[in-house]
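Reproduced below: run.txt, with compact mmCIF, C-alpha atoms.
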```txt
# COMPACT_ATOMS: atom_id res chain seq x y z
CA GLN A 1 69.15 119.12 12.22
CA LYS A 2 66.13 118.93 9.94
CA GLU A 3 66.05 116.10 7.43
CA VAL A 4 65.48 118.45 4.50
CA GLU A 5 66.24 122.15 4.46
CA GLN A 6 65.44 124.68 1.77
CA ASN A 7 66.50 128.27 1.30
CA SER A 8 63.93 130.21 3.21
CA GLY A 9 62.80 132.69 0.60
CA PRO A 10 60.58 134.23 -0.44
CA LEU A 11 62.33 134.55 -3.75
CA SER A 12 61.33 137.30 -6.14
CA VAL A 13 62.62 137.28 -9.70
CA PRO A 14 61.75 139.32 -12.78
CA GLU A 15 60.00 137.64 -15.67
CA GLY A 16 62.50 135.96 -17.96
CA ALA A 17 65.17 135.55 -15.28
CA ILE A 18 66.49 132.35 -13.73
CA ALA A 19 65.11 131.29 -10.36
CA SER A 20 67.49 129.17 -8.30
CA LEU A 21 66.19 127.00 -5.48
CA ASN A 22 68.42 125.10 -3.07
CA CYS A 23 67.90 122.11 -0.83
CA THR A 24 70.16 120.15 1.51
CA TYR A 25 69.44 116.85 3.20
CA SER A 26 70.88 115.08 6.20
CA ASP A 27 70.62 111.37 5.36
CA ARG A 28 73.68 110.52 3.29
CA GLY A 29 72.03 107.26 2.25
CA SER A 30 69.17 109.00 0.44
CA GLN A 31 68.97 108.04 -3.20
CA SER A 32 66.02 109.82 -4.79
CA PHE A 33 65.03 113.45 -4.74
CA PHE A 34 61.93 115.20 -5.92
CA TRP A 35 60.79 118.71 -6.68
CA TYR A 36 57.10 119.52 -6.33
CA ARG A 37 55.31 122.75 -7.13
CA GLN A 38 52.40 123.83 -4.98
CA TYR A 39 50.13 126.68 -5.98
CA SER A 40 48.31 128.47 -3.21
CA GLY A 41 45.36 126.41 -2.03
CA LYS A 42 46.28 123.43 -4.20
CA SER A 43 48.07 120.14 -3.62
CA PRO A 44 51.67 119.49 -4.73
CA GLU A 45 52.33 118.50 -8.31
CA LEU A 46 55.48 116.73 -9.40
CA ILE A 47 57.94 118.73 -11.46
CA MET A 48 60.73 116.20 -11.70
CA PHE A 49 62.89 113.73 -9.83
CA ILE A 50 66.60 113.02 -9.88
CA TYR A 51 68.72 110.18 -8.53
CA SER A 52 72.07 110.48 -10.32
CA ASN A 53 74.73 113.07 -9.63
CA GLY A 54 74.76 115.86 -12.16
CA ASP A 55 72.09 117.73 -14.04
CA LYS A 56 68.71 116.66 -15.34
CA GLU A 57 66.79 118.93 -17.65
CA ASP A 58 63.08 118.97 -18.42
CA GLY A 59 61.92 121.93 -20.44
CA ARG A 60 62.67 125.11 -18.51
CA PHE A 61 63.51 123.17 -15.36
CA THR A 62 66.91 121.76 -14.44
CA ALA A 63 67.52 119.70 -11.33
CA GLN A 64 71.06 119.33 -10.03
CA LEU A 65 72.23 116.72 -7.56
CA ASN A 66 75.48 116.49 -5.64
CA LYS A 67 75.36 113.55 -3.27
CA ALA A 68 78.82 114.24 -1.84
CA SER A 69 77.61 117.65 -0.70
CA GLN A 70 74.10 116.36 0.06
CA TYR A 71 72.71 119.13 -2.07
CA VAL A 72 69.89 119.34 -4.59
CA SER A 73 68.87 122.37 -6.57
CA LEU A 74 66.23 123.40 -9.07
CA LEU A 75 66.74 126.05 -11.71
CA ILE A 76 63.81 127.62 -13.49
CA ARG A 77 64.90 129.32 -16.68
CA ASP A 78 62.93 132.05 -18.43
CA SER A 79 60.71 132.41 -15.38
CA GLN A 80 57.06 133.17 -16.08
CA PRO A 81 54.40 134.65 -13.80
CA SER A 82 52.73 131.22 -13.89
CA ASP A 83 55.80 129.83 -12.11
CA SER A 84 54.84 131.81 -9.00
CA ALA A 85 54.27 129.10 -6.40
CA THR A 86 55.86 127.32 -3.47
CA TYR A 87 58.46 124.75 -4.45
CA LEU A 88 58.91 121.74 -2.21
CA CYS A 89 62.05 119.63 -2.10
CA ALA A 90 61.43 116.04 -1.03
CA VAL A 91 63.76 113.18 -0.25
CA LEU A 92 62.74 109.54 -0.44
CA ARG A 93 63.67 107.73 2.74
CA SER A 94 64.67 104.11 2.97
CA ASP A 95 61.15 103.30 4.23
CA TYR A 96 59.73 104.82 1.03
CA LYS A 97 58.27 107.79 2.87
CA LEU A 98 58.97 111.29 1.65
CA SER A 99 60.60 113.91 3.84
CA PHE A 100 59.69 117.42 2.74
CA GLY A 101 61.45 120.69 3.15
CA ALA A 102 59.51 123.70 4.35
CA GLY A 103 59.26 125.03 0.80
CA THR A 104 60.48 128.14 -0.97
CA THR A 105 57.92 130.62 -2.26
CA VAL A 106 58.78 132.09 -5.63
CA THR A 107 57.20 135.22 -7.07
CA VAL A 108 57.86 136.10 -10.69
CA ARG A 109 57.37 139.81 -11.35
CA ALA A 110 55.88 140.69 -14.72
CA GLY B 1 51.63 110.98 -14.65
CA ALA B 2 49.39 108.91 -12.46
CA VAL B 3 46.04 110.36 -11.38
CA VAL B 4 44.82 110.42 -7.81
CA SER B 5 41.43 111.81 -6.86
CA GLN B 6 39.98 112.87 -3.54
CA HIS B 7 36.46 113.45 -2.42
CA PRO B 8 35.13 115.74 -1.15
CA SER B 9 37.26 118.73 -2.05
CA TRP B 10 35.65 120.86 0.65
CA VAL B 11 33.80 119.95 3.82
CA ILE B 12 32.37 122.08 6.58
CA CYS B 13 31.07 120.29 9.64
CA LYS B 14 30.00 120.92 13.20
CA SER B 15 32.27 120.12 16.09
CA GLY B 16 31.80 116.56 17.29
CA THR B 17 30.78 115.06 13.98
CA SER B 18 32.81 112.63 11.89
CA VAL B 19 34.03 113.27 8.38
CA LYS B 20 35.11 110.70 5.81
CA ILE B 21 37.57 111.56 3.02
CA GLU B 22 38.14 109.25 0.07
CA CYS B 23 41.32 108.87 -1.92
CA ARG B 24 41.31 106.94 -5.18
CA SER B 25 44.02 105.95 -7.62
CA LEU B 26 42.28 106.25 -10.97
CA ASP B 27 44.58 104.59 -13.44
CA PHE B 28 46.79 102.38 -11.34
CA GLN B 29 46.67 100.18 -8.29
CA ALA B 30 48.16 101.25 -5.00
CA THR B 31 48.83 98.82 -2.19
CA THR B 32 50.08 101.77 -0.19
CA MET B 33 48.76 105.30 0.10
CA PHE B 34 49.88 108.14 2.30
CA TRP B 35 47.84 110.71 4.19
CA TYR B 36 49.24 114.15 4.87
CA ARG B 37 47.97 117.21 6.67
CA GLN B 38 49.00 120.76 5.88
CA PHE B 39 48.30 123.80 8.00
CA PRO B 40 48.47 127.30 6.48
CA LYS B 41 51.97 128.38 5.46
CA GLN B 42 53.46 125.10 6.65
CA SER B 43 54.81 122.13 4.76
CA LEU B 44 53.18 118.75 4.45
CA MET B 45 53.21 116.54 7.50
CA LEU B 46 52.82 112.82 7.03
CA MET B 47 50.06 111.45 9.22
CA ALA B 48 49.90 107.80 8.30
CA THR B 49 50.61 105.12 5.76
CA SER B 50 47.57 103.25 4.49
CA ASN B 51 48.17 99.60 3.61
CA GLU B 52 45.77 97.58 1.51
CA GLY B 53 44.46 94.62 3.47
CA SER B 54 46.23 95.48 6.69
CA LYS B 55 46.34 98.10 9.40
CA ALA B 56 47.58 101.57 8.74
CA THR B 57 50.78 102.75 10.37
CA TYR B 58 50.68 106.13 12.04
CA GLU B 59 53.40 108.71 12.53
CA GLN B 60 54.40 109.65 16.02
CA GLY B 61 51.89 111.98 17.65
CA VAL B 62 48.97 111.08 15.37
CA GLU B 63 46.03 109.56 17.21
CA LYS B 64 44.98 106.39 15.42
CA ASP B 65 41.59 106.33 17.14
CA LYS B 66 40.85 109.83 15.92
CA PHE B 67 42.04 109.39 12.36
CA LEU B 68 40.66 106.08 11.15
CA ILE B 69 42.12 104.74 7.95
CA ASN B 70 40.68 101.96 5.82
CA HIS B 71 42.35 100.69 2.67
CA ALA B 72 39.70 98.28 1.45
CA SER B 73 40.81 97.89 -2.15
CA LEU B 74 43.81 98.48 -4.37
CA THR B 75 42.37 101.80 -5.55
CA LEU B 76 40.66 103.26 -2.50
CA SER B 77 41.77 104.49 0.89
CA THR B 78 39.55 106.42 3.29
CA LEU B 79 40.43 108.70 6.18
CA THR B 80 37.74 109.33 8.77
CA VAL B 81 38.24 112.19 11.18
CA THR B 82 36.19 111.17 14.19
CA SER B 83 34.64 113.66 16.60
CA ALA B 84 36.17 116.52 14.71
CA HIS B 85 37.12 119.70 16.55
CA PRO B 86 38.12 123.13 15.25
CA GLU B 87 41.82 122.31 15.68
CA ASP B 88 41.35 119.51 13.12
CA SER B 89 40.59 122.11 10.47
CA SER B 90 43.28 121.67 7.87
CA PHE B 91 44.11 120.65 4.32
CA TYR B 92 44.21 116.87 4.06
CA ILE B 93 46.07 115.42 1.09
CA CYS B 94 46.59 111.82 0.06
CA SER B 95 49.23 110.42 -2.22
CA ALA B 96 49.90 107.14 -3.93
CA PRO B 97 53.31 105.88 -5.04
CA VAL B 98 54.17 104.62 -8.48
CA ALA B 99 57.28 102.56 -9.17
CA SER B 100 59.81 104.74 -10.97
CA GLY B 101 62.71 102.51 -11.84
CA ARG B 102 65.97 103.64 -10.29
CA ALA B 103 64.23 106.52 -8.54
CA GLY B 104 62.39 103.99 -6.43
CA GLU B 105 58.88 105.34 -6.13
CA THR B 106 57.29 108.62 -7.11
CA GLN B 107 54.36 109.87 -5.08
CA TYR B 108 51.46 111.47 -6.90
CA PHE B 109 49.14 113.64 -4.85
CA GLY B 110 45.39 113.97 -4.84
CA PRO B 111 43.87 117.45 -5.08
CA GLY B 112 43.33 117.63 -1.34
CA THR B 113 40.34 118.06 0.95
CA ARG B 114 39.90 121.25 2.90
CA LEU B 115 38.19 120.60 6.23
CA LEU B 116 36.64 123.34 8.31
CA VAL B 117 35.21 122.38 11.68
CA LEU B 118 32.93 124.95 13.24
```
What is this file in structure tokens?
Amino acid sequence: QKEVEQNSGPLSVPEGAIASLNCTYSDRGSQSFFWYRQYSGKSPELIMFIYSNGDKEDGRFTAQLNKASQYVSLLIRDSQPSDSATYLCAVLRSDYKLSFGAGTTVTVRA
Amino acid sequence: GAVVSQHPSWVICKSGTSVKIECRSLDFQATTMFWYRQFPKQSLMLMATSNEGSKATYEQGVEKDKFLINHASLTLSTLTVTSAHPEDSSFYICSAPVASGRAGETQYFGPGTRLLVL
């Protein structure tokens, strides 16, 4: 079982719609979870992190965490063409290294 | 957020030569930095952890004699790809962690260095 798994995608959504990205992790002891956005040919940039169960909102982005289900999600509301990118879910291990999922590529159709 | 720079952003070299990549934390100090490699359409793979003032620790399967890491100061880590071969062509990205309260640490990534070995 992979440490971090993301829905495979690619995910195509119309402009203005909600994009929903899912991530599950295997280490029940994991405490901190990160979403990064990576544009083609660029390095990852941090969108947000979450460590408490429930929702965390930042602008058009909402991260959701359910530790009992070992599940993290990211919602992108009012999707824009500029949101077209690969989204990486990452889990902070106990040794402070990040485990990354394979990424989900999102395309927002104008 | 914290700023991490890398230099160079692009490098093309001949097979057998060595290439040095620099990673700098610009507005904070980093006793630890991480080096990743990313092949096309794949996710990031951690290569090694760079530790200021001590030896780097390498992930399983990464040759420490091929990928030399030096973390000489609290703001600079270097990765040297020795005797580079075409299969070393990849996107090399460094990151530096910043303490983030209850989240533990948040890693901020440099812009990456694209290496092409001919």
Output as a PDB file with C-alpha atoms, in the frame of the given file the set of chain B residues within 8 Å of chain A, with distances taken over all atoms listed in the file.
```
ATOM      1  CA  GLN B  42      53.460 125.100   6.650  1.00  0.00           C
ATOM      2  CA  SER B  43      54.810 122.130   4.760  1.00  0.00           C
ATOM      3  CA  LEU B  44      53.180 118.750   4.450  1.00  0.00           C
ATOM      4  CA  ILE B  93      46.070 115.420   1.090  1.00  0.00           C
ATOM      5  CA  ARG B 102      65.970 103.640 -10.290  1.00  0.00           C
ATOM      6  CA  ALA B 103      64.230 106.520  -8.540  1.00  0.00           C
ATOM      7  CA  GLY B 104      62.390 103.990  -6.430  1.00  0.00           C
ATOM      8  CA  GLU B 105      58.880 105.340  -6.130  1.00  0.00           C
ATOM      9  CA  TYR B 108      51.460 111.470  -6.900  1.00  0.00           C
ATOM     10  CA  PHE B 109      49.140 113.640  -4.850  1.00  0.00           C
ATOM     11  CA  GLY B 110      45.390 113.970  -4.840  1.00  0.00           C
ATOM     12  CA  PRO B 111      43.870 117.450  -5.080  1.00  0.00           C
ATOM     13  CA  GLY B 112      43.330 117.630  -1.340  1.00  0.00           C
TER      14      GLY B 112
END
```
- Atomic distance CA of Thr78 in chain B - CA of Ala99 in chain B, expressed in Å with one decimal: 22.0 Å
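What separates CA of Ala68 in chain A from CA of Lys2 in chain A is a distance of 17.9 Å.
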- Task: Do a neighbour search on Glu87 in chain B at 12 Å with all atoms listed in the file, toss out local chain neighbours closer than 2 positions, and write the hits as a ChimeraX atom specification.
- Result: /B:15-16,39,81,83-85,89-91,115-118
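Comparing A:Ser30, A:Asn53, A:Thr107, A:Ser20 by their smallest distance to Ser82 in chain A, the closest is A:Thr107 (using only C-alpha atoms).
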- Task: Fewer than 3 positions away in the same chain doesn't count, so skip those; otherwise give me all residues within 7 Å of Val72 in chain A, counting only C-alpha atoms, as a PyMOL selection string.
- Result: chain A and resi 22-24+64-66
Report, as AutoDock Vina command-line options, the centre and edge lengths in Å (one decimal) of the axis-aligned box enclosing every listed atom of range 26-41 of chain A, padded by 5 Å on each side.
```
--center_x 59.5 --center_y 117.9 --center_z -0.5 --size_x 38.3 --size_y 31.2 --size_z 23.3
```
